[in-house]
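As stored in structure-v7.txt (compact mmCIF, C-alpha atoms):
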```txt
# COMPACT_ATOMS: atom_id res chain seq x y z
CA MET A 1 18.04 63.35 18.43
CA LYS A 2 21.70 64.22 17.88
CA LEU A 3 22.85 62.60 21.11
CA GLU A 4 20.57 59.60 20.69
CA LYS A 5 21.84 59.11 17.15
CA ALA A 6 25.45 59.22 18.32
CA VAL A 7 24.65 56.64 21.01
CA MET A 8 23.07 54.32 18.43
CA GLU A 9 25.99 54.74 16.04
CA ARG A 10 28.49 53.81 18.72
CA PHE A 11 26.33 50.89 19.83
CA VAL A 12 26.22 49.41 16.31
CA GLU A 13 29.93 50.09 15.82
CA ILE A 14 30.75 48.10 18.97
CA ILE A 15 28.52 45.13 18.30
CA GLU A 16 29.37 44.79 14.60
CA GLY A 17 33.07 45.47 15.12
CA ASP A 18 35.91 43.50 16.63
CA GLU A 19 37.28 45.86 19.24
CA PRO A 20 38.11 43.95 22.43
CA LEU A 21 35.57 44.40 25.20
CA VAL A 22 36.44 44.79 28.85
CA ASN A 23 35.41 41.72 30.87
CA PRO A 24 33.47 40.10 28.01
CA LEU A 25 31.70 37.61 30.27
CA LEU A 26 29.89 40.39 32.09
CA ASN A 27 29.92 42.93 29.30
CA ARG A 28 26.41 43.49 27.93
CA TYR A 29 27.82 44.66 24.59
CA GLN A 30 29.15 41.12 24.23
CA VAL A 31 25.59 39.83 24.72
CA TYR A 32 24.43 41.98 21.81
CA ARG A 33 27.48 41.12 19.71
CA ASP A 34 26.68 37.42 20.15
CA MET A 35 22.97 37.83 19.57
CA VAL A 36 23.48 39.71 16.30
CA TYR A 37 26.07 37.19 15.14
CA PHE A 38 23.79 34.23 15.92
CA ARG A 39 20.90 35.93 14.13
CA PHE A 40 23.04 36.08 10.99
CA GLN A 41 24.42 32.60 11.49
CA GLU A 42 21.01 31.01 12.08
CA THR A 43 19.57 32.48 8.89
CA ILE A 44 22.63 31.70 6.76
CA ARG A 45 22.83 28.12 8.01
CA SER A 46 19.15 27.51 7.36
CA ILE A 47 19.34 28.85 3.78
CA TYR A 48 22.74 27.32 2.92
CA PRO A 49 22.94 24.11 4.99
CA ILE A 50 25.29 22.26 2.62
CA LEU A 51 27.59 25.22 2.11
CA SER A 52 27.69 25.85 5.86
CA MET A 53 28.76 22.27 6.47
CA ARG A 54 31.46 22.47 3.82
CA LEU A 55 32.78 25.78 5.13
CA ALA A 56 32.84 24.35 8.68
CA GLU A 57 34.98 26.54 10.97
CA ARG A 58 35.59 29.10 8.23
CA LEU A 59 31.92 30.10 8.31
CA HIS A 60 32.30 32.12 11.51
CA GLY A 61 35.02 34.39 10.08
CA LEU A 62 33.13 34.86 6.83
CA ILE A 63 29.94 35.88 8.64
CA ARG A 64 31.85 38.38 10.78
CA GLU A 65 33.49 39.80 7.65
CA PHE A 66 30.09 40.05 5.96
CA GLN A 67 28.60 41.73 9.03
CA ARG A 68 31.29 44.41 8.89
CA GLU A 69 30.45 45.02 5.22
CA GLY A 70 26.79 45.33 6.26
CA ALA A 71 23.55 43.67 5.20
CA ARG A 72 21.03 46.04 3.64
CA SER A 73 17.72 44.24 3.22
CA PRO A 74 15.26 44.51 6.12
CA ILE A 75 13.96 41.09 5.11
CA MET A 76 16.03 38.56 7.00
CA MET A 77 15.94 35.88 4.34
CA GLU A 78 17.27 38.33 1.76
CA MET A 79 20.26 38.89 4.00
CA ALA A 80 21.26 35.33 3.07
CA TYR A 81 21.06 36.31 -0.60
CA GLU A 82 23.33 39.27 0.14
CA PHE A 83 25.70 36.87 1.88
CA GLY A 84 25.81 34.90 -1.37
CA VAL A 85 26.68 38.05 -3.32
CA PHE A 86 29.43 38.76 -0.77
CA LEU A 87 30.86 35.23 -1.10
CA ARG A 88 30.88 35.36 -4.89
CA LYS A 89 33.17 38.42 -4.70
CA HIS A 90 35.29 36.88 -1.94
CA PRO A 91 38.67 35.21 -2.72
CA LEU A 92 37.01 31.99 -1.52
CA GLY A 93 35.28 31.84 -4.93
CA SER A 94 38.54 31.07 -6.72
CA GLU A 95 39.22 28.26 -4.26
CA LEU A 96 35.82 26.54 -4.38
CA ALA A 97 34.94 26.00 -8.05
CA TYR A 98 31.41 24.91 -7.18
CA LEU A 99 30.66 27.90 -4.93
CA ASP A 100 28.50 29.84 -7.39
CA GLU A 101 26.41 26.76 -8.26
CA LEU A 102 25.97 25.71 -4.66
CA LEU A 103 24.83 29.21 -3.70
CA TRP A 104 22.39 29.21 -6.62
CA PHE A 105 21.07 25.73 -5.78
CA GLU A 106 20.51 26.35 -2.08
CA TRP A 107 19.14 29.87 -2.52
CA SER A 108 16.73 28.71 -5.26
CA GLU A 109 15.49 25.91 -3.03
CA ALA A 110 14.83 28.33 -0.16
CA GLU A 111 13.30 30.95 -2.41
CA LEU A 112 10.91 28.46 -4.03
CA LEU A 113 9.92 27.09 -0.64
CA ASN A 114 9.21 30.52 0.80
CA SER A 115 7.37 32.09 -2.13
CA ASP A 116 3.66 32.41 -2.79
CA PHE A 117 2.72 31.27 -6.28
CA ASP A 118 -0.52 31.97 -8.00
CA ASP A 119 0.33 29.95 -11.11
CA GLU A 120 -2.66 28.21 -12.57
CA LYS A 121 -2.42 24.80 -14.15
CA THR A 122 -1.84 25.32 -17.87
CA VAL A 123 -3.42 23.13 -20.50
CA PHE A 124 -0.91 21.92 -23.02
CA GLY A 125 -1.33 22.94 -26.67
CA TRP A 126 1.19 22.80 -29.53
CA GLU A 127 0.49 26.37 -30.56
CA ARG A 128 0.36 27.90 -27.06
CA GLU A 129 3.06 30.17 -25.70
CA LEU A 130 4.50 28.17 -22.81
CA PHE A 131 7.50 28.96 -20.71
CA LEU A 132 9.19 28.04 -17.42
CA SER A 133 6.89 29.12 -14.58
CA ASP A 134 7.81 31.29 -11.60
CA SER A 135 7.83 28.16 -9.46
CA ALA A 136 10.63 26.49 -11.44
CA ARG A 137 14.31 27.15 -12.16
CA MET A 138 16.79 25.45 -14.45
CA ARG A 139 20.53 25.52 -14.84
CA MET A 140 23.23 23.61 -16.65
CA MET A 141 25.38 22.59 -13.72
CA ALA A 142 29.09 21.88 -13.92
CA PHE A 143 28.96 19.90 -10.68
CA ALA A 144 26.37 17.33 -9.62
CA LEU A 145 26.52 18.80 -6.13
CA TYR A 146 22.86 17.93 -5.48
CA ARG A 147 24.11 14.32 -5.46
CA GLY A 148 26.96 15.22 -3.16
CA ASP A 149 29.58 15.25 -5.93
CA PHE A 150 31.72 18.36 -5.63
CA GLU A 151 34.70 17.01 -7.57
CA SER A 152 33.90 15.77 -11.07
CA ARG A 153 33.21 18.46 -13.64
CA GLY A 154 30.61 17.76 -16.30
CA ALA A 155 27.37 19.12 -17.76
CA TYR A 156 24.32 18.28 -15.69
CA PRO A 157 21.00 19.84 -16.77
CA LEU A 158 19.05 20.47 -13.59
CA LEU A 159 15.41 21.37 -13.09
CA LEU A 160 14.36 22.68 -9.70
CA TYR A 161 10.65 23.24 -9.02
CA TYR A 162 8.07 23.70 -6.32
CA ASP A 163 5.77 20.69 -6.16
CA HIS A 164 2.40 22.28 -5.45
CA ALA A 165 0.76 18.99 -4.50
CA GLU A 166 3.44 17.86 -2.07
CA GLN A 167 4.29 21.41 -0.95
CA GLU A 168 8.01 20.80 -1.27
CA VAL A 169 10.86 21.73 -3.56
CA CYS A 170 12.04 18.98 -5.90
CA PHE A 171 15.04 18.75 -8.13
CA GLN A 172 15.42 16.56 -11.14
CA GLU A 173 18.33 15.93 -13.45
CA ILE A 174 16.79 16.17 -16.91
CA THR A 175 18.10 15.10 -20.31
CA PRO A 176 20.01 17.58 -22.49
CA LEU A 177 17.05 17.35 -24.89
CA GLY A 178 14.61 18.31 -22.14
CA TYR A 179 16.88 21.17 -21.15
CA LEU A 180 17.05 22.42 -24.75
CA LEU A 181 13.26 22.20 -24.98
CA LEU A 182 12.83 24.36 -21.87
CA GLU A 183 15.31 26.88 -23.26
CA LEU A 184 13.51 27.03 -26.61
CA LEU A 185 10.06 27.35 -25.03
CA GLY A 186 10.97 30.76 -23.70
CA GLU A 187 10.82 32.18 -27.22
CA ASN A 188 9.04 29.54 -29.30
CA THR A 189 5.77 27.68 -29.27
CA PRO A 190 5.96 23.94 -28.55
CA ARG A 191 5.50 23.29 -32.30
CA GLN A 192 8.40 25.60 -33.25
CA SER A 193 10.54 24.08 -30.50
CA LEU A 194 9.81 20.59 -31.77
CA SER A 195 10.93 21.56 -35.25
CA LYS A 196 14.17 23.14 -33.98
CA ILE A 197 14.99 20.14 -31.78
CA ALA A 198 14.33 17.72 -34.64
CA LYS A 199 16.79 19.72 -36.76
CA GLU A 200 19.36 19.92 -33.96
CA TYR A 201 19.22 16.18 -33.25
CA LYS A 202 18.74 15.28 -36.93
CA VAL A 203 15.66 13.13 -36.24
CA ASP A 204 12.23 12.92 -37.79
CA GLN A 205 9.86 15.42 -36.21
CA ASN A 206 7.06 12.80 -36.12
CA ASP A 207 9.20 10.48 -33.99
CA LEU A 208 9.80 13.22 -31.44
CA GLU A 209 6.26 14.57 -31.24
CA GLU A 210 4.76 12.00 -28.88
CA PRO A 211 7.59 11.83 -26.26
CA LEU A 212 7.89 15.61 -26.16
CA GLU A 213 4.14 16.02 -25.79
CA ILE A 214 4.13 13.57 -22.85
CA LEU A 215 6.99 15.51 -21.24
CA MET A 216 5.35 18.91 -21.72
CA ARG A 217 1.98 17.66 -20.47
CA GLN A 218 3.73 16.43 -17.30
CA TRP A 219 5.40 19.79 -16.86
CA CYS A 220 2.06 21.58 -17.37
CA ASN A 221 0.42 19.33 -14.77
CA LYS A 222 3.17 20.12 -12.29
CA LYS A 223 2.94 23.84 -13.11
CA ILE A 224 6.55 23.78 -14.29
CA LEU A 225 5.30 25.29 -17.53
CA GLN A 226 2.85 28.13 -17.63
CA LYS A 227 1.22 30.11 -20.39
CA ARG A 228 2.13 33.72 -21.00
CA LYS A 229 -0.12 35.96 -18.89
CA MET B 1 -6.06 32.59 6.42
CA GLN B 2 -9.67 33.11 5.40
CA ALA B 3 -10.97 30.92 8.25
CA TYR B 4 -8.99 32.44 11.14
CA PRO B 5 -8.13 36.06 11.81
CA ALA B 6 -4.35 36.49 11.88
CA VAL B 7 -2.01 38.95 13.58
CA ALA B 8 1.28 39.84 11.89
CA HIS B 9 4.33 40.33 14.10
CA GLY B 10 7.57 41.77 12.71
CA VAL B 11 11.14 42.45 13.78
CA SER B 12 12.49 44.66 10.98
CA LEU B 13 10.51 47.90 11.19
CA SER B 14 13.24 49.53 13.28
CA ILE B 15 10.91 52.24 14.51
CA GLY B 16 13.62 53.66 16.76
CA SER B 17 16.36 54.17 14.18
CA PRO B 18 17.12 57.80 13.35
CA GLU B 19 16.37 57.46 9.63
CA PRO B 20 12.89 57.98 8.21
CA VAL B 21 10.74 54.88 7.80
CA ASP B 22 11.73 52.62 4.92
CA LYS B 23 8.88 53.33 2.49
CA SER B 24 9.61 50.39 0.25
CA PHE B 25 9.63 47.95 3.18
CA LEU B 26 6.35 49.42 4.42
CA MET B 27 4.72 49.10 1.01
CA GLN B 28 5.74 45.44 0.89
CA MET B 29 4.33 44.99 4.38
CA LYS B 30 1.07 46.68 3.41
CA ALA B 31 0.75 44.44 0.34
CA PHE B 32 1.30 41.39 2.56
CA LEU B 33 -1.22 42.53 5.20
CA ASP B 34 -3.81 43.40 2.54
CA ARG B 35 -3.30 40.16 0.65
CA TYR B 36 -3.98 38.05 3.73
CA LYS B 37 -6.57 40.46 5.18
CA ILE B 38 -4.57 40.96 8.38
CA ALA B 39 -5.96 43.81 10.43
CA HIS B 40 -3.40 43.85 13.25
CA TYR B 41 0.31 44.42 12.85
CA SER B 42 2.71 44.51 15.76
CA GLU B 43 6.40 45.38 15.97
CA HIS B 44 8.99 46.17 18.62
CA LEU B 45 9.93 49.29 20.46
CA SER B 46 13.59 49.14 19.48
CA PHE B 47 15.90 49.76 16.56
CA SER B 48 17.43 47.09 14.37
CA SER B 49 19.06 49.08 11.58
CA PHE B 50 21.33 52.10 11.48
CA GLN B 51 22.07 54.09 8.32
CA GLY B 52 20.73 51.23 6.25
CA ARG B 53 22.86 48.53 7.93
CA GLN B 54 20.71 45.77 9.33
CA THR B 55 21.39 43.84 12.53
CA TYR B 56 18.11 41.82 12.62
CA GLU B 57 18.21 42.15 16.40
CA LEU B 58 16.11 44.29 18.73
CA LEU B 59 18.48 46.95 20.01
CA PRO B 60 17.53 49.32 22.82
CA VAL B 61 16.69 52.96 22.16
CA SER B 62 17.58 55.88 24.41
CA MET B 63 14.56 56.65 26.54
CA THR B 64 14.49 60.42 26.14
CA LYS B 65 11.98 63.15 25.28
CA ALA B 66 13.66 63.67 21.90
CA MET B 67 13.32 59.96 21.14
CA LEU B 68 9.64 60.12 22.09
CA ARG B 69 9.03 62.93 19.58
CA HIS B 70 10.94 61.00 16.94
CA LEU B 71 8.98 57.80 17.60
CA CYS B 72 5.63 59.60 17.51
CA ASP B 73 6.47 61.09 14.09
CA LYS B 74 7.54 57.74 12.72
CA ILE B 75 4.50 55.94 14.15
CA GLU B 76 2.28 58.44 12.37
CA ARG B 77 4.07 57.83 9.04
CA VAL B 78 3.81 54.04 9.49
CA GLN B 79 0.12 54.20 10.30
CA GLU B 80 -0.60 56.47 7.33
CA THR B 81 1.12 54.07 4.95
CA LEU B 82 -0.23 50.85 6.38
CA GLU B 83 -3.70 52.29 7.02
CA ARG B 84 -3.68 50.40 10.30
CA ALA B 85 -2.94 51.23 13.91
CA LEU B 86 0.53 50.12 14.93
CA ILE B 87 1.01 47.88 17.95
CA LEU B 88 4.42 48.06 19.63
CA GLU B 89 5.96 45.51 21.98
CA ASN B 90 8.09 46.32 25.00
CA SER B 91 11.43 44.70 24.17
CA SER B 92 13.88 43.05 26.48
CA TYR B 93 17.19 44.89 26.77
CA TYR B 94 20.51 44.13 28.43
CA LEU B 95 21.96 47.58 28.73
CA THR B 96 20.38 50.98 28.90
CA PRO B 97 21.77 53.46 26.43
CA TYR B 98 21.76 57.12 27.51
CA SER B 99 18.26 57.67 28.94
CA GLU B 100 16.34 60.30 30.89
CA MET B 101 13.31 58.22 31.86
CA ARG B 102 12.31 54.89 33.33
CA GLU B 103 11.21 52.36 30.73
CA VAL B 104 7.63 52.23 31.99
CA ASP B 105 7.27 56.02 31.96
CA PHE B 106 8.75 56.14 28.47
CA ILE B 107 6.23 53.57 27.22
CA CYS B 108 3.26 55.19 28.94
CA GLU B 109 4.14 58.58 27.50
CA LEU B 110 4.55 57.07 24.06
CA LEU B 111 1.10 55.46 24.30
CA GLU B 112 -0.36 58.76 25.46
CA ARG B 113 1.23 60.83 22.70
CA SER B 114 0.76 58.46 19.75
CA ASN B 115 -2.00 56.27 18.39
CA ALA B 116 0.06 53.16 18.94
CA ARG B 117 -1.15 50.42 21.25
CA LEU B 118 1.01 48.13 23.34
CA LEU B 119 1.81 44.49 22.86
CA LEU B 120 2.68 43.73 26.47
CA ASP B 121 5.27 40.98 26.60
CA VAL B 122 5.05 39.76 30.19
CA ASN B 123 8.20 37.66 29.83
CA ASN B 124 10.12 40.73 28.68
CA VAL B 125 8.85 42.69 31.67
CA TYR B 126 10.04 39.88 33.94
CA VAL B 127 13.43 39.55 32.23
CA ASN B 128 14.01 43.32 32.34
CA ALA B 129 12.82 43.53 35.95
CA VAL B 130 15.36 40.90 37.03
CA ASN B 131 18.20 42.22 34.87
CA HIS B 132 17.66 45.88 35.76
CA GLY B 133 16.26 45.53 39.25
CA PHE B 134 12.75 46.94 39.11
CA ASP B 135 9.37 45.67 40.31
CA ALA B 136 7.55 43.87 37.49
CA ASP B 137 4.12 44.21 39.13
CA ALA B 138 4.56 47.94 39.67
CA TYR B 139 5.61 48.28 36.02
CA ILE B 140 2.48 46.49 34.80
CA ALA B 141 0.26 48.48 37.14
CA HIS B 142 1.40 51.60 35.26
CA ILE B 143 0.45 50.27 31.83
CA PRO B 144 -3.02 51.48 30.80
CA PRO B 145 -5.15 48.38 30.11
CA GLU B 146 -7.23 50.25 27.51
CA ARG B 147 -4.08 50.87 25.44
CA THR B 148 -2.95 47.26 25.63
CA ALA B 149 -3.77 45.31 22.47
CA TYR B 150 -2.62 41.87 23.53
CA ILE B 151 -0.09 39.99 25.62
CA HIS B 152 2.83 37.73 24.84
CA VAL B 153 4.30 35.12 27.16
CA ALA B 154 7.49 33.30 26.31
CA GLY B 155 10.52 31.59 27.79
CA HIS B 156 14.01 32.75 28.62
CA LEU B 157 17.37 31.33 29.68
CA GLU B 158 19.09 31.98 32.97
CA TYR B 159 22.86 32.57 33.20
CA PRO B 160 23.55 32.79 36.95
CA GLU B 161 27.31 33.37 36.52
CA GLU B 162 26.65 36.43 34.40
CA SER B 163 23.64 37.48 36.56
CA LEU B 164 21.65 37.55 33.37
CA LEU B 165 18.30 36.40 32.07
CA LEU B 166 18.36 36.11 28.29
CA ASP B 167 15.08 36.43 26.45
CA THR B 168 15.29 33.60 23.91
CA HIS B 169 11.64 32.81 23.13
CA GLY B 170 12.97 29.30 22.79
CA GLU B 171 12.21 27.81 26.21
CA ALA B 172 9.14 26.86 28.21
CA VAL B 173 7.40 29.68 30.08
CA CYS B 174 8.72 29.69 33.65
CA GLU B 175 6.61 29.64 36.85
CA GLU B 176 7.39 33.27 37.70
CA VAL B 177 6.15 34.43 34.29
CA TRP B 178 2.96 32.34 34.51
CA SER B 179 2.31 33.84 37.88
CA LEU B 180 3.03 37.39 36.65
CA LEU B 181 0.71 36.75 33.71
CA GLU B 182 -2.10 35.70 36.03
CA ARG B 183 -1.70 38.87 38.08
CA THR B 184 -1.54 40.94 34.86
CA LEU B 185 -4.73 39.45 33.46
CA LYS B 186 -6.69 40.60 36.51
CA SER B 187 -6.32 44.16 35.27
CA HIS B 188 -5.48 43.75 31.58
CA LYS B 189 -8.27 41.68 30.06
CA VAL B 190 -6.82 41.19 26.62
CA PRO B 191 -5.91 38.20 24.40
CA VAL B 192 -2.74 36.28 25.20
CA MET B 193 -0.37 34.51 22.87
CA ILE B 194 2.39 32.03 23.74
CA GLU B 195 5.38 33.01 21.65
CA ARG B 196 7.95 30.44 20.61
CA ASP B 197 10.46 31.52 17.98
CA ASN B 198 12.94 28.65 18.03
CA ASN B 199 13.79 25.36 19.72
CA ILE B 200 10.23 24.26 18.99
CA PRO B 201 9.26 21.28 21.19
CA PRO B 202 6.82 18.46 20.30
CA LEU B 203 3.21 19.59 19.94
CA GLU B 204 2.18 17.86 23.21
CA LEU B 205 4.50 20.11 25.20
CA LEU B 206 3.15 23.20 23.46
CA MET B 207 -0.37 21.98 24.16
CA ASP B 208 0.53 21.64 27.86
CA GLU B 209 1.45 25.31 27.86
CA PHE B 210 -1.72 26.17 26.00
CA HIS B 211 -3.83 24.29 28.58
CA ARG B 212 -1.98 26.04 31.39
CA LEU B 213 -2.84 29.37 29.77
CA ARG B 214 -6.46 28.34 29.33
CA GLN B 215 -6.69 27.37 33.02
CA ILE B 216 -5.39 30.78 34.03
CA LYS B 217 -7.90 32.51 31.75
CA GLU B 218 -10.75 30.35 33.12
CA ARG B 219 -9.81 31.07 36.73
CA LEU B 220 -10.20 34.76 36.00
CA LEU B 221 -13.57 34.55 34.29
```
Translate this file's structure into structure tokens.
Amino acid sequence: MKLEKAVMERFVEIIEGDEPLVNPLLNRYQVYRDMVYFRFQETIRSIYPILSMRLAERLHGLIREFQREGARSPIMMEMAYEFGVFLRKHPLGSELAYLDELLWFEWSEAELLNSDFDDEKTVFGWERELFLSDSARMRMMAFALYRGDFESRGAYPLLLYYDHAEQEVCFQEITPLGYLLLELLGENTPRQSLSKIAKEYKVDQNDLEEPLEILMRQWCNKKILQKRK
Amino acid sequence: MQAYPAVAHGVSLSIGSPEPVDKSFLMQMKAFLDRYKIAHYSEHLSFSSFQGRQTYELLPVSMTKAMLRHLCDKIERVQETLERALILENSSYYLTPYSEMREVDFICELLERSNARLLLDVNNVYVNAVNHGFDADAYIAHIPPERTAYIHVAGHLEYPEESLLLDTHGEAVCEEVWSLLERTLKSHKVPVMIERDNNIPPLELLMDEFHRLRQIKERLL
């Protein structure tokens, strides 16, 4: 296999590299070079459609640079995740302040859409241990890029979740209070969370109980919250 | 998934690459196949990764005796892990890396020496026959029907200026491929699947192709 291995090594070196090819129109290495590039491009554009549009002509060069660095996962979709890791380390990151958030947003959307969830609907209870389910993500965003705003900095609590009934990924800007509640639920029961929020917002616990219960029941119904397994 | 039997078809196994099989990838694949109760798993006779670098494309292997030994060893490892027989598809290729054998002889010897069965892609045979100048019917006549698991038909693009047919799986099946399929089915009585990976047309157009396939099958009953 020594010879065969050397042939394969050279083959990959040619198609992943940039060395000029003789008569590219008729050169079959060019066919492979293009096919591999388009395979990367197709996947990256489908996972990061907004980013791809914003990068416009720069996308081509970035994909070629990434190809030379090498993707490692045999799962094609995960190559797009690796591309995100590559971009975060790239000088581009210091130029596009929203890059990290946009990568997170678009990757999360794709990941939620392509995952299998076996979450069961959880019944709400004040003393139950509830936390954000596998089919939901949250993040305090600095840019409301999901609304197309890439300029104004702020604090936008975002909830992203897979809607099991509609079989689609939804995003929702939630209130800072709702965001705090989801954060607290990771380590507290709903009752403990209620008490901490009441203290934080300096309001009567009894006044908060009903609206928070309605919110958490909705989240349980949508499988955004699940009980500890 | 419970109502219809499914066949899984992959592009990342990279059976031809010189490294040992990726155990972790195979374990994920086995978990997937077991979860959805999929008995049949097919892949491509090609390589797509080299020293851990992925290309996600089906690259041609050298058709040599040493490669045959290597493939047989890897097929055995894959089958042991997956607890299923592996089905391998003849891939289209645009250049032939260093080789000692004709493609059809290479495939037949692989089928003889391993437990793998063939996914015969009739479009790929046609594309390769045109691009490399061999007789598609003679090629198919060599393929043992009893080692053929199923057949794919698909579309390709023609680039006359480059004297090239490009297997895209994104076009309608052409007349020549339908006709080659009909001749193939006279000897290889196995299931057929129309493969469309991209550029998916409206359902009515896909149904037209399906009816065309059904007519061919019925003519041969």
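Using all atoms listed in the file, the contacts of Arg69 in chain B at a cut-off of 12 Å, with sequence neighbours closer than 6 positions omitted, comprise Met1 of chain A; Ile15, Gly16, Pro18, Met63, Ile75, Glu76, Phe106, Glu109, Leu110, Leu111, Glu112, Arg113 and Ser114 of chain B.
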Pairwise distance for CA of Val12 in chain A and CA of Tyr29 in chain A, rounded to one decimal in Å: 9.7 Å
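Interface residues of chain B facing chain A, defined by any atom at most 6 Å away and using only C-alpha atoms, are Ser12, Gly52, Arg53, Gln54, Thr55, Glu57, Ala66, Tyr94 and Glu162 of chain B.
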Which residues are near range 191-200 of chain A? Cut-off 9 Å, all atoms listed in the file, ignore same chain within fewer than 2 positions. Put them as a PyMOL selection string. chain A and resi 125-128+177+180-182+184-185+187-189+202-209+212
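Separating CA of Met77 in chain A from CA of Glu106 in chain A is a distance of 12.4 Å.
Between Arg212 in chain B and the residues B:Ser187, B:Ile143, B:Val173, B:Glu195, the shortest atom-to-atom distance, using all atoms listed in the file, involves B:Val173.
Between CA of Arg84 in chain B and CA of Val153 in chain B the separation is 24.1 Å.
Take the candidates B:Thr81, B:Asn124, B:Asn90, B:Thr64 and check each one against Gly155 in chain B using only C-alpha atoms; the shortest distance goes to B:Asn124.
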Taking 6 positions as the minimum chain separation for residues in the same chain, which residues sit within 10 Å of Ala39 in chain B when counting only C-alpha atoms? Answer as a ChimeraX atom specification. /B:5-8,33,82-85
List as a PyMOL selection string the protein and nucleic acid residues near Tyr98 in chain A, meaning an atom at most 9 Å away when all atoms listed in the file are counted, but skip any in the same chain fewer than 4 places from it. chain A and resi 93+102-103+142-143+145+150-151
Skip Tyr150 in chain B itself and residues of its chain fewer than 4 positions away, then list as a list in words all residues within 6 Å of it, counting only C-alpha atoms. Leu119, Val190, Pro191 and Val192 of chain B
Taking (3.6, 24.4, -12.4) in the file's coordinates as the center, which residues reach within 12 Å of it, counting only C-alpha atoms, put as an MDAnalysis selection string? chainID A and resid 112 117:124 130:137 160:165 167 169:170 216:227
Range 189-201 of chain B, all listed atoms, 8 Å padding on each side: what axis-aligned box centre and edge lengths in Å to one decimal come out, as AutoDock Vina command-line options?
```
--center_x 2.8 --center_y 31.5 --center_z 24.0 --size_x 38.1 --size_y 36.4 --size_z 28.1
```
At a cut-off of 8 Å around the point (5.0, 46.9, 23.4) (file coordinates), what residues fall inside when counting all atoms listed in the file? I'd like the answer as a PyMOL selection string. chain B and resi 43-45+87-91+107+117-121
Export, as a PDB file, keeping the file's coordinate frame, the selected residues with C-alpha atoms.
```
ATOM      1  CA  GLU B  43       6.400  45.380  15.970  1.00  0.00           C
ATOM      2  CA  HIS B  44       8.990  46.170  18.620  1.00  0.00           C
ATOM      3  CA  LEU B  45       9.930  49.290  20.460  1.00  0.00           C
ATOM      4  CA  ILE B  87       1.010  47.880  17.950  1.00  0.00           C
ATOM      5  CA  LEU B  88       4.420  48.060  19.630  1.00  0.00           C
ATOM      6  CA  GLU B  89       5.960  45.510  21.980  1.00  0.00           C
ATOM      7  CA  ASN B  90       8.090  46.320  25.000  1.00  0.00           C
ATOM      8  CA  SER B  91      11.430  44.700  24.170  1.00  0.00           C
ATOM      9  CA  ILE B 107       6.230  53.570  27.220  1.00  0.00           C
ATOM     10  CA  ARG B 117      -1.150  50.420  21.250  1.00  0.00           C
ATOM     11  CA  LEU B 118       1.010  48.130  23.340  1.00  0.00           C
ATOM     12  CA  LEU B 119       1.810  44.490  22.860  1.00  0.00           C
ATOM     13  CA  LEU B 120       2.680  43.730  26.470  1.00  0.00           C
ATOM     14  CA  ASP B 121       5.270  40.980  26.600  1.00  0.00           C
TER      15      ASP B 121
END
```
